[in-house]
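Containing compact mmCIF, C-alpha atoms: data-v7.txt.
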# COMPACT_ATOMS: atom_id res chain seq x y z
CA MET Q 1 170.60 133.60 -101.23
CA VAL Q 2 171.48 136.16 -98.53
CA ASN Q 3 168.71 138.56 -97.44
CA HIS Q 4 170.19 142.02 -98.16
CA THR Q 5 167.67 144.10 -96.18
CA PRO Q 6 169.41 143.85 -92.75
CA PHE Q 7 172.69 145.05 -94.30
CA ILE Q 8 171.01 148.06 -95.95
CA VAL Q 9 169.13 148.98 -92.76
CA GLY Q 10 172.31 148.42 -90.74
CA ALA Q 11 174.32 150.75 -93.00
CA TYR Q 12 171.76 153.56 -92.67
CA ILE Q 13 171.64 153.06 -88.88
CA VAL Q 14 175.45 153.33 -88.77
CA ALA Q 15 175.26 156.59 -90.76
CA LEU Q 16 172.46 157.96 -88.57
CA LEU Q 17 174.33 157.14 -85.35
CA GLY Q 18 177.65 158.45 -86.70
CA PHE Q 19 176.49 161.71 -88.25
CA GLY Q 20 173.60 162.30 -85.82
CA GLY Q 21 175.86 161.60 -82.84
CA LEU Q 22 178.46 164.02 -84.18
CA VAL Q 23 175.87 166.77 -84.72
CA ILE Q 24 174.54 166.33 -81.16
CA ALA Q 25 178.04 166.17 -79.62
CA SER Q 26 179.06 169.33 -81.54
CA LEU Q 27 175.94 171.24 -80.44
CA VAL Q 28 176.36 170.15 -76.80
CA ALA Q 29 180.04 171.22 -76.82
CA ARG Q 30 179.10 174.58 -78.41
CA ARG Q 31 176.40 175.20 -75.80
CA ARG Q 32 178.71 174.23 -72.90
CA ILE Q 33 181.52 176.55 -74.01
CA LYS Q 34 179.06 179.43 -74.55
CA ARG Q 35 177.73 178.90 -71.01
CA GLU Q 36 181.26 178.89 -69.56
CA LEU Q 37 182.13 182.06 -71.47
CA SER Q 38 179.07 183.91 -70.29
CA ALA Q 39 179.66 182.69 -66.71
CA ARG Q 40 183.06 184.43 -66.86
CA GLY Q 41 181.59 187.52 -68.52
CA LEU Q 42 183.49 186.90 -71.78
CA SER Q 43 180.88 187.65 -74.38
CA GLY Q 44 183.09 190.09 -76.37
CA GLU Q 45 184.60 189.40 -79.79
CA ARG Q 46 188.31 189.59 -79.00
CA VAL Q 47 190.16 186.32 -79.61
CA ARG Q 48 193.60 185.64 -78.15
CA ARG Q 49 195.93 182.80 -79.00
CA MET K 1 192.34 184.06 -102.02
CA ALA K 2 192.48 187.47 -100.35
CA SER K 3 189.08 186.82 -98.75
CA LEU K 4 190.41 183.54 -97.31
CA HIS K 5 193.23 185.46 -95.64
CA VAL K 6 190.67 187.88 -94.20
CA LEU K 7 188.76 184.91 -92.70
CA ALA K 8 192.00 183.52 -91.19
CA ASN K 9 191.38 185.96 -88.33
CA PRO K 10 189.48 183.87 -85.72
CA ALA K 11 187.16 186.69 -84.58
CA ARG K 12 186.26 187.53 -88.18
CA PHE K 13 185.68 183.86 -88.99
CA ARG K 14 183.47 183.53 -85.91
CA ARG K 15 181.30 186.49 -87.00
CA PHE K 16 181.11 185.10 -90.56
CA SER K 17 180.22 181.63 -89.27
CA GLN K 18 177.53 182.95 -86.94
CA ARG K 19 175.92 184.80 -89.87
CA VAL K 20 176.11 181.90 -92.35
CA LEU K 21 175.50 178.79 -90.21
CA PRO K 22 171.73 179.05 -89.61
CA ALA K 23 170.86 179.33 -93.33
CA LEU K 24 173.48 176.73 -94.28
CA SER K 25 172.04 174.29 -91.73
CA VAL K 26 168.57 174.64 -93.25
CA VAL K 27 169.95 174.09 -96.79
CA THR K 28 171.85 171.03 -95.51
CA ALA K 29 168.72 169.52 -93.94
CA LEU K 30 166.77 170.06 -97.19
CA ALA K 31 169.58 168.57 -99.32
CA LEU K 32 169.75 165.53 -97.01
CA ALA K 33 165.98 165.05 -97.22
CA VAL K 34 166.05 165.18 -101.05
CA GLY K 35 169.13 162.93 -101.18
CA LEU K 36 167.60 160.30 -98.88
CA TRP K 37 164.32 160.36 -100.82
CA LEU K 38 166.22 159.78 -104.09
CA ALA K 39 168.49 157.14 -102.52
CA LEU K 40 165.85 155.12 -100.68
CA ILE K 41 162.66 155.60 -102.70
CA GLU K 42 163.18 157.04 -106.17
CA SER K 43 166.26 155.17 -107.43
CA PRO K 44 165.83 151.68 -108.94
CA PRO K 45 167.73 148.58 -107.76
CA ASP K 46 171.03 147.99 -109.56
CA TYR K 47 171.04 145.22 -112.20
CA GLN K 48 173.93 143.45 -110.43
CA GLN K 49 173.84 144.59 -106.79
CA GLY K 50 170.05 144.74 -106.43
CA GLU K 51 168.81 146.81 -103.46
CA THR K 52 172.26 146.71 -101.81
CA VAL K 53 173.35 149.54 -104.11
CA ARG K 54 171.54 151.87 -101.65
CA ILE K 55 174.47 151.44 -99.25
CA MET K 56 176.68 153.07 -101.91
CA PHE K 57 174.77 156.36 -101.52
CA ILE K 58 176.31 156.76 -98.04
CA HIS K 59 179.50 154.76 -98.44
CA VAL K 60 180.95 156.51 -101.51
CA PRO K 61 180.35 160.16 -100.41
CA SER K 62 181.72 159.29 -96.94
CA ALA K 63 184.90 157.98 -98.58
CA TRP K 64 185.27 161.10 -100.76
CA LEU K 65 184.66 163.46 -97.83
CA SER K 66 186.98 161.64 -95.43
CA MET K 67 189.75 162.01 -98.04
CA MET K 68 188.84 165.65 -98.70
CA GLY K 69 188.81 166.25 -94.94
CA TYR K 70 192.33 164.89 -94.60
CA GLY K 71 193.44 167.10 -97.49
CA LEU K 72 191.95 170.02 -95.55
CA LEU K 73 193.89 168.96 -92.40
CA ALA K 74 197.13 168.88 -94.42
CA ALA K 75 196.43 172.34 -95.92
CA LEU K 76 195.66 173.70 -92.43
CA GLY K 77 198.83 172.04 -91.11
CA ALA K 78 200.91 173.76 -93.79
CA SER K 79 199.12 177.03 -93.10
CA LEU K 80 199.94 176.72 -89.39
CA LEU K 81 203.59 175.69 -89.83
CA VAL K 82 204.45 178.08 -92.67
CA TRP K 83 202.26 181.18 -92.15
CA ARG K 84 201.24 180.64 -88.50
CA HIS K 85 197.62 181.45 -89.37
CA PRO K 86 195.85 181.65 -86.01
CA LEU K 87 192.69 180.02 -87.35
CA ALA K 88 194.44 176.99 -88.91
CA ALA K 89 195.09 175.11 -85.66
CA LEU K 90 191.58 175.80 -84.36
CA MET K 91 189.92 174.66 -87.58
CA ALA K 92 192.12 171.52 -87.68
CA ARG K 93 190.98 170.67 -84.13
CA GLY K 94 187.39 171.13 -85.27
CA ALA K 95 187.76 169.21 -88.55
CA ALA K 96 189.68 166.10 -87.38
CA PRO K 97 186.79 164.43 -85.46
CA VAL K 98 184.43 165.19 -88.39
CA GLY K 99 186.81 163.49 -90.84
CA ALA K 100 187.27 160.57 -88.45
CA VAL K 101 183.49 159.98 -88.28
CA PHE K 102 183.19 160.13 -92.09
CA ALA K 103 186.06 157.60 -92.39
CA ALA K 104 184.43 155.31 -89.80
CA VAL K 105 181.06 155.49 -91.59
CA CYS K 106 182.82 154.68 -94.88
CA LEU K 107 184.57 151.64 -93.36
CA LEU K 108 181.49 150.30 -91.55
CA THR K 109 179.04 150.78 -94.43
CA GLY K 110 181.59 149.28 -96.84
CA SER K 111 181.87 146.29 -94.55
CA LEU K 112 178.07 145.93 -94.47
CA TRP K 113 178.01 146.12 -98.28
CA GLY K 114 180.87 143.60 -98.58
CA ARG K 115 179.18 140.79 -96.66
CA PRO K 116 176.27 140.24 -99.11
CA MET K 117 178.30 141.21 -102.22
CA TRP K 118 181.74 139.65 -101.58
CA GLY K 119 180.75 137.11 -98.93
CA THR K 120 182.98 138.75 -96.31
CA TYR K 121 182.95 141.81 -94.04
CA TRP K 122 186.65 142.51 -94.48
CA VAL K 123 189.69 141.64 -96.58
CA TRP K 124 193.19 143.09 -96.17
CA ASP K 125 193.11 144.50 -99.67
CA ALA K 126 195.04 147.67 -100.55
CA ARG K 127 191.98 149.97 -100.78
CA LEU K 128 190.41 148.80 -97.51
CA THR K 129 193.72 148.79 -95.63
CA SER K 130 194.74 152.28 -96.81
CA MET K 131 191.28 153.56 -95.84
CA LEU K 132 191.69 152.01 -92.37
CA LEU K 133 195.08 153.74 -92.15
CA LEU K 134 193.35 157.06 -92.96
CA PHE K 135 190.98 156.48 -90.02
CA PHE K 136 193.98 155.79 -87.73
CA LEU K 137 195.72 158.95 -89.02
CA TYR K 138 192.64 160.94 -87.99
CA LEU K 139 192.71 159.31 -84.53
CA GLY K 140 196.45 160.08 -84.29
CA HIS K 141 195.80 163.72 -85.20
CA ILE K 142 193.10 164.04 -82.54
CA ALA K 143 195.29 162.36 -79.89
CA LEU K 144 198.42 164.39 -80.75
CA SER K 145 196.65 167.75 -80.75
CA ARG K 146 195.39 167.02 -77.21
CA ALA K 147 198.55 165.33 -75.91
CA TYR K 148 200.35 168.45 -74.59
CA ASP K 149 199.50 170.87 -71.78
CA ASP K 150 200.70 173.60 -74.14
CA SER K 151 198.04 173.43 -76.86
CA GLU K 152 200.28 175.19 -79.42
CA ARG K 153 202.83 172.34 -79.19
CA GLY K 154 200.02 169.82 -79.73
CA ASP K 155 198.77 171.78 -82.73
CA ARG K 156 202.24 171.80 -84.32
CA ALA K 157 202.79 168.05 -83.73
CA ALA K 158 199.36 167.27 -85.23
CA ALA K 159 200.11 169.54 -88.21
CA ILE K 160 203.31 167.57 -88.93
CA LEU K 161 201.37 164.29 -88.75
CA ALA K 162 198.75 165.72 -91.15
CA LEU K 163 201.47 166.67 -93.66
CA VAL K 164 203.24 163.29 -93.41
CA GLY K 165 199.98 161.35 -93.64
CA VAL K 166 198.81 163.15 -96.77
CA ILE K 167 200.92 160.65 -98.78
CA ASN K 168 198.17 158.13 -97.97
CA LEU K 169 195.60 160.02 -100.12
CA PRO K 170 197.04 159.06 -103.55
CA VAL K 171 197.63 155.56 -102.20
CA ILE K 172 193.90 155.27 -101.39
CA LYS K 173 192.86 156.76 -104.74
CA PHE K 174 195.17 154.68 -106.95
CA SER K 175 195.35 151.49 -104.84
CA VAL K 176 192.75 149.86 -107.09
CA ASP K 177 194.92 150.59 -110.16
CA TRP K 178 198.34 149.81 -108.67
CA TRP K 179 197.45 146.47 -107.05
CA ASN K 180 195.02 143.60 -107.59
CA THR K 181 192.22 144.39 -105.18
CA LEU K 182 188.85 142.89 -104.38
CA HIS K 183 187.56 146.49 -104.27
CA GLN K 184 186.29 147.57 -107.67
CA PRO K 185 188.10 150.34 -109.64
CA ALA K 186 186.81 153.93 -109.81
CA SER K 187 183.49 154.32 -111.59
CA VAL K 188 182.68 158.02 -111.01
CA MET K 189 185.95 160.02 -110.79
CA LYS K 190 187.85 158.58 -113.75
CA LEU K 191 189.09 159.51 -117.20
CA GLY K 192 186.30 159.28 -119.77
CA GLY K 193 183.58 160.22 -117.27
CA PRO K 194 181.40 158.13 -114.96
CA SER K 195 180.38 154.63 -116.03
CA ILE K 196 177.27 154.58 -113.82
CA ASP K 197 173.71 154.83 -115.09
CA PRO K 198 172.17 158.30 -114.42
CA SER K 199 169.41 156.70 -112.30
CA ILE K 200 172.12 155.66 -109.80
CA LEU K 201 174.56 158.53 -110.41
CA THR K 202 172.01 161.28 -109.64
CA PRO K 203 171.14 160.14 -106.08
CA LEU K 204 174.84 159.46 -105.47
CA LEU K 205 175.82 163.02 -106.43
CA VAL K 206 172.90 164.60 -104.52
CA MET K 207 173.90 162.64 -101.39
CA ALA K 208 177.52 163.71 -101.96
CA VAL K 209 176.49 167.39 -102.05
CA ALA K 210 174.23 166.95 -98.97
CA LEU K 211 177.00 165.26 -96.97
CA LEU K 212 179.52 167.87 -98.15
CA LEU K 213 177.21 170.57 -96.75
CA LEU K 214 176.92 168.58 -93.50
CA PHE K 215 180.73 168.35 -93.36
CA ILE K 216 181.05 172.14 -93.83
CA VAL K 217 178.37 172.91 -91.21
CA LEU K 218 180.03 170.60 -88.66
CA VAL K 219 183.51 172.01 -89.28
CA MET K 220 182.26 175.60 -88.95
CA LEU K 221 180.31 174.81 -85.78
CA ARG K 222 183.24 172.97 -84.18
CA THR K 223 185.72 175.69 -85.23
CA GLU K 224 183.52 178.30 -83.50
CA THR K 225 183.65 176.12 -80.38
CA GLU K 226 187.45 175.79 -80.58
CA ILE K 227 187.82 179.58 -80.98
CA ASP K 228 185.77 180.14 -77.83
CA ARG K 229 187.63 177.35 -75.99
CA ARG K 230 190.91 179.12 -76.77
CA ARG K 231 189.46 182.40 -75.46
CA LEU K 232 188.46 180.62 -72.28
CA GLU K 233 191.95 179.11 -71.85
CA ALA K 234 193.56 182.51 -72.44
CA ALA K 235 191.27 184.09 -69.84
CA GLU K 236 192.05 181.37 -67.29
CA MET K 237 195.80 181.76 -67.87
CA ALA K 238 195.48 185.52 -67.36
CA LEU K 239 193.96 185.01 -63.90
Represent the structure from my file as C-alpha cells, please.
Amino acid sequence: MVNHTPFIVGAYIVALLGFGGLVIASLVARRRIKRELSARGLSGERVRR
Amino acid sequence: MASLHVLANPARFRRFSQRVLPALSVVTALALAVGLWLALIESPPDYQQGETVRIMFIHVPSAWLSMMGYGLLAALGASLLVWRHPLAALMARGAAPVGAVFAAVCLLTGSLWGRPMWGTYWVWDARLTSMLLLFFLYLGHIALSRAYDDSERGDRAAAILALVGVINLPVIKFSVDWWNTLHQPASVMKLGGPSIDPSILTPLLVMAVALLLLFIVLVMLRTETEIDRRRLEAAEMAL
C-alpha cells in the first residue's frame, strides 16, 4: 500500500510555489516599473500605445 | 457590455484597477483561507480515493481556470485583431503567464495524484496530452508576444496563436467522452448535475471561487504593469 501523504503534501507545495511565486513576481515587476516611471517623472495618467 | 468598452481604455482600466485591487486582494486572501480550511481540515476522506482527494481541491480548479484563461486570451486576441482595443494586447500579455502557471499546477498536481491512484505519474492519454498542449500554447503565446522589437507585431502574432489554439479547449473538455482515457469523465460540469457528494463538492467549489479571485487579481495587477511598461516604452521612443 502506497503512503499517500507525500503526494498530498507535494501537490500543495507545488501550488504554493506556483501561485506564491507568481504573486511575488507580479508584485516585484509592478514595483520596478513604478520606480522607473517615477524616475522619469511619468506619474501622470496618460497612456500611449 | 457598454461598461466593458469604457474599461477598454487603458488609463480608465488602470484607475478602476487601482481602486478595486486592494479590497479584492483582501477578499481573495479570505476566500483562500476558508477554502484551504475546508479542503484540508473540514472535508472527509473520499470513500475510494481516501485522503488523496485533497489534491483534487487544487487540481480541478486549476484545470478549469487554465482553460478559462485561454478562452480569455482568445477573446482578447479577437478584440485586438477586429476592434484594435488598446487594452486587449496589454491584458493578454498580463494574463498569459497567469494561465501558464495554472496549467502547470494542474499538470503537476494531477501527476502527483496519478501516482498513488493510477500507479503512474503520466500516461499519453487524450485528456493529459491535450492539457499539456494547452500549457505549450501558453508558452508559445508568451514567447511570440515578446519575439519582436515592435511590440505591436508581437501582440498580433500572439493573438493569432490564441485564436488558432482555442480549438484545443473543446478537445480538452470532451476528450474523456470522445476517446477511451485513463482520466475519469466529468463529474461536476455535466448534464444531470454533479455526481459528487456535497461534503467534497463544497470545498471544491469554494477553492474554485478563491482561485478564480486569485486569477482575477493577478491579471489586473499584471495588466496595470503592462500599461505602465507601454507608457515607459513610448516615453523612451519619444526621446
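Taking CA of Ser111 in chain K and CA of Pro194 in chain K as endpoints, the distance between them is 23.6 Å.
Restricting the calculation to only C-alpha atoms, the smallest distance between Pro6 in chain Q and any of K:Ala100, K:Leu24, K:Ile55, K:Val105 is found for K:Ile55.
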Take CA of Ala234 in chain K and CA of Leu37 in chain Q and report the distance between them in Å, one decimal. 11.5 Å
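Between Leu22 in chain Q and the residues K:Val171, K:Ala159, K:Val217, K:Ala208, the shortest atom-to-atom distance, using only C-alpha atoms, involves K:Val217.
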Provide as a PDB file with C-alpha atoms, in the coordinates of the input the residues of chain Q at most 8 Å from chain K, counting all atoms listed in the file.
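part-v3.pdb, freshly written:
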ATOM      1  CA  VAL Q   2     171.480 136.160 -98.530  1.00  0.00           C
ATOM      2  CA  ASN Q   3     168.710 138.560 -97.440  1.00  0.00           C
ATOM      3  CA  HIS Q   4     170.190 142.020 -98.160  1.00  0.00           C
ATOM      4  CA  THR Q   5     167.670 144.100 -96.180  1.00  0.00           C
ATOM      5  CA  PHE Q   7     172.690 145.050 -94.300  1.00  0.00           C
ATOM      6  CA  ILE Q   8     171.010 148.060 -95.950  1.00  0.00           C
ATOM      7  CA  GLY Q  10     172.310 148.420 -90.740  1.00  0.00           C
ATOM      8  CA  ALA Q  11     174.320 150.750 -93.000  1.00  0.00           C
ATOM      9  CA  TYR Q  12     171.760 153.560 -92.670  1.00  0.00           C
ATOM     10  CA  VAL Q  14     175.450 153.330 -88.770  1.00  0.00           C
ATOM     11  CA  ALA Q  15     175.260 156.590 -90.760  1.00  0.00           C
ATOM     12  CA  GLY Q  18     177.650 158.450 -86.700  1.00  0.00           C
ATOM     13  CA  PHE Q  19     176.490 161.710 -88.250  1.00  0.00           C
ATOM     14  CA  LEU Q  22     178.460 164.020 -84.180  1.00  0.00           C
ATOM     15  CA  VAL Q  23     175.870 166.770 -84.720  1.00  0.00           C
ATOM     16  CA  SER Q  26     179.060 169.330 -81.540  1.00  0.00           C
ATOM     17  CA  LEU Q  27     175.940 171.240 -80.440  1.00  0.00           C
ATOM     18  CA  ALA Q  29     180.040 171.220 -76.820  1.00  0.00           C
ATOM     19  CA  ARG Q  30     179.100 174.580 -78.410  1.00  0.00           C
ATOM     20  CA  ILE Q  33     181.520 176.550 -74.010  1.00  0.00           C
ATOM     21  CA  LYS Q  34     179.060 179.430 -74.550  1.00  0.00           C
ATOM     22  CA  GLU Q  36     181.260 178.890 -69.560  1.00  0.00           C
ATOM     23  CA  LEU Q  37     182.130 182.060 -71.470  1.00  0.00           C
ATOM     24  CA  GLU Q  45     184.600 189.400 -79.790  1.00  0.00           C
ATOM     25  CA  ARG Q  46     188.310 189.590 -79.000  1.00  0.00           C
ATOM     26  CA  VAL Q  47     190.160 186.320 -79.610  1.00  0.00           C
ATOM     27  CA  ARG Q  48     193.600 185.640 -78.150  1.00  0.00           C
ATOM     28  CA  ARG Q  49     195.930 182.800 -79.000  1.00  0.00           C
TER      29      ARG Q  49
END
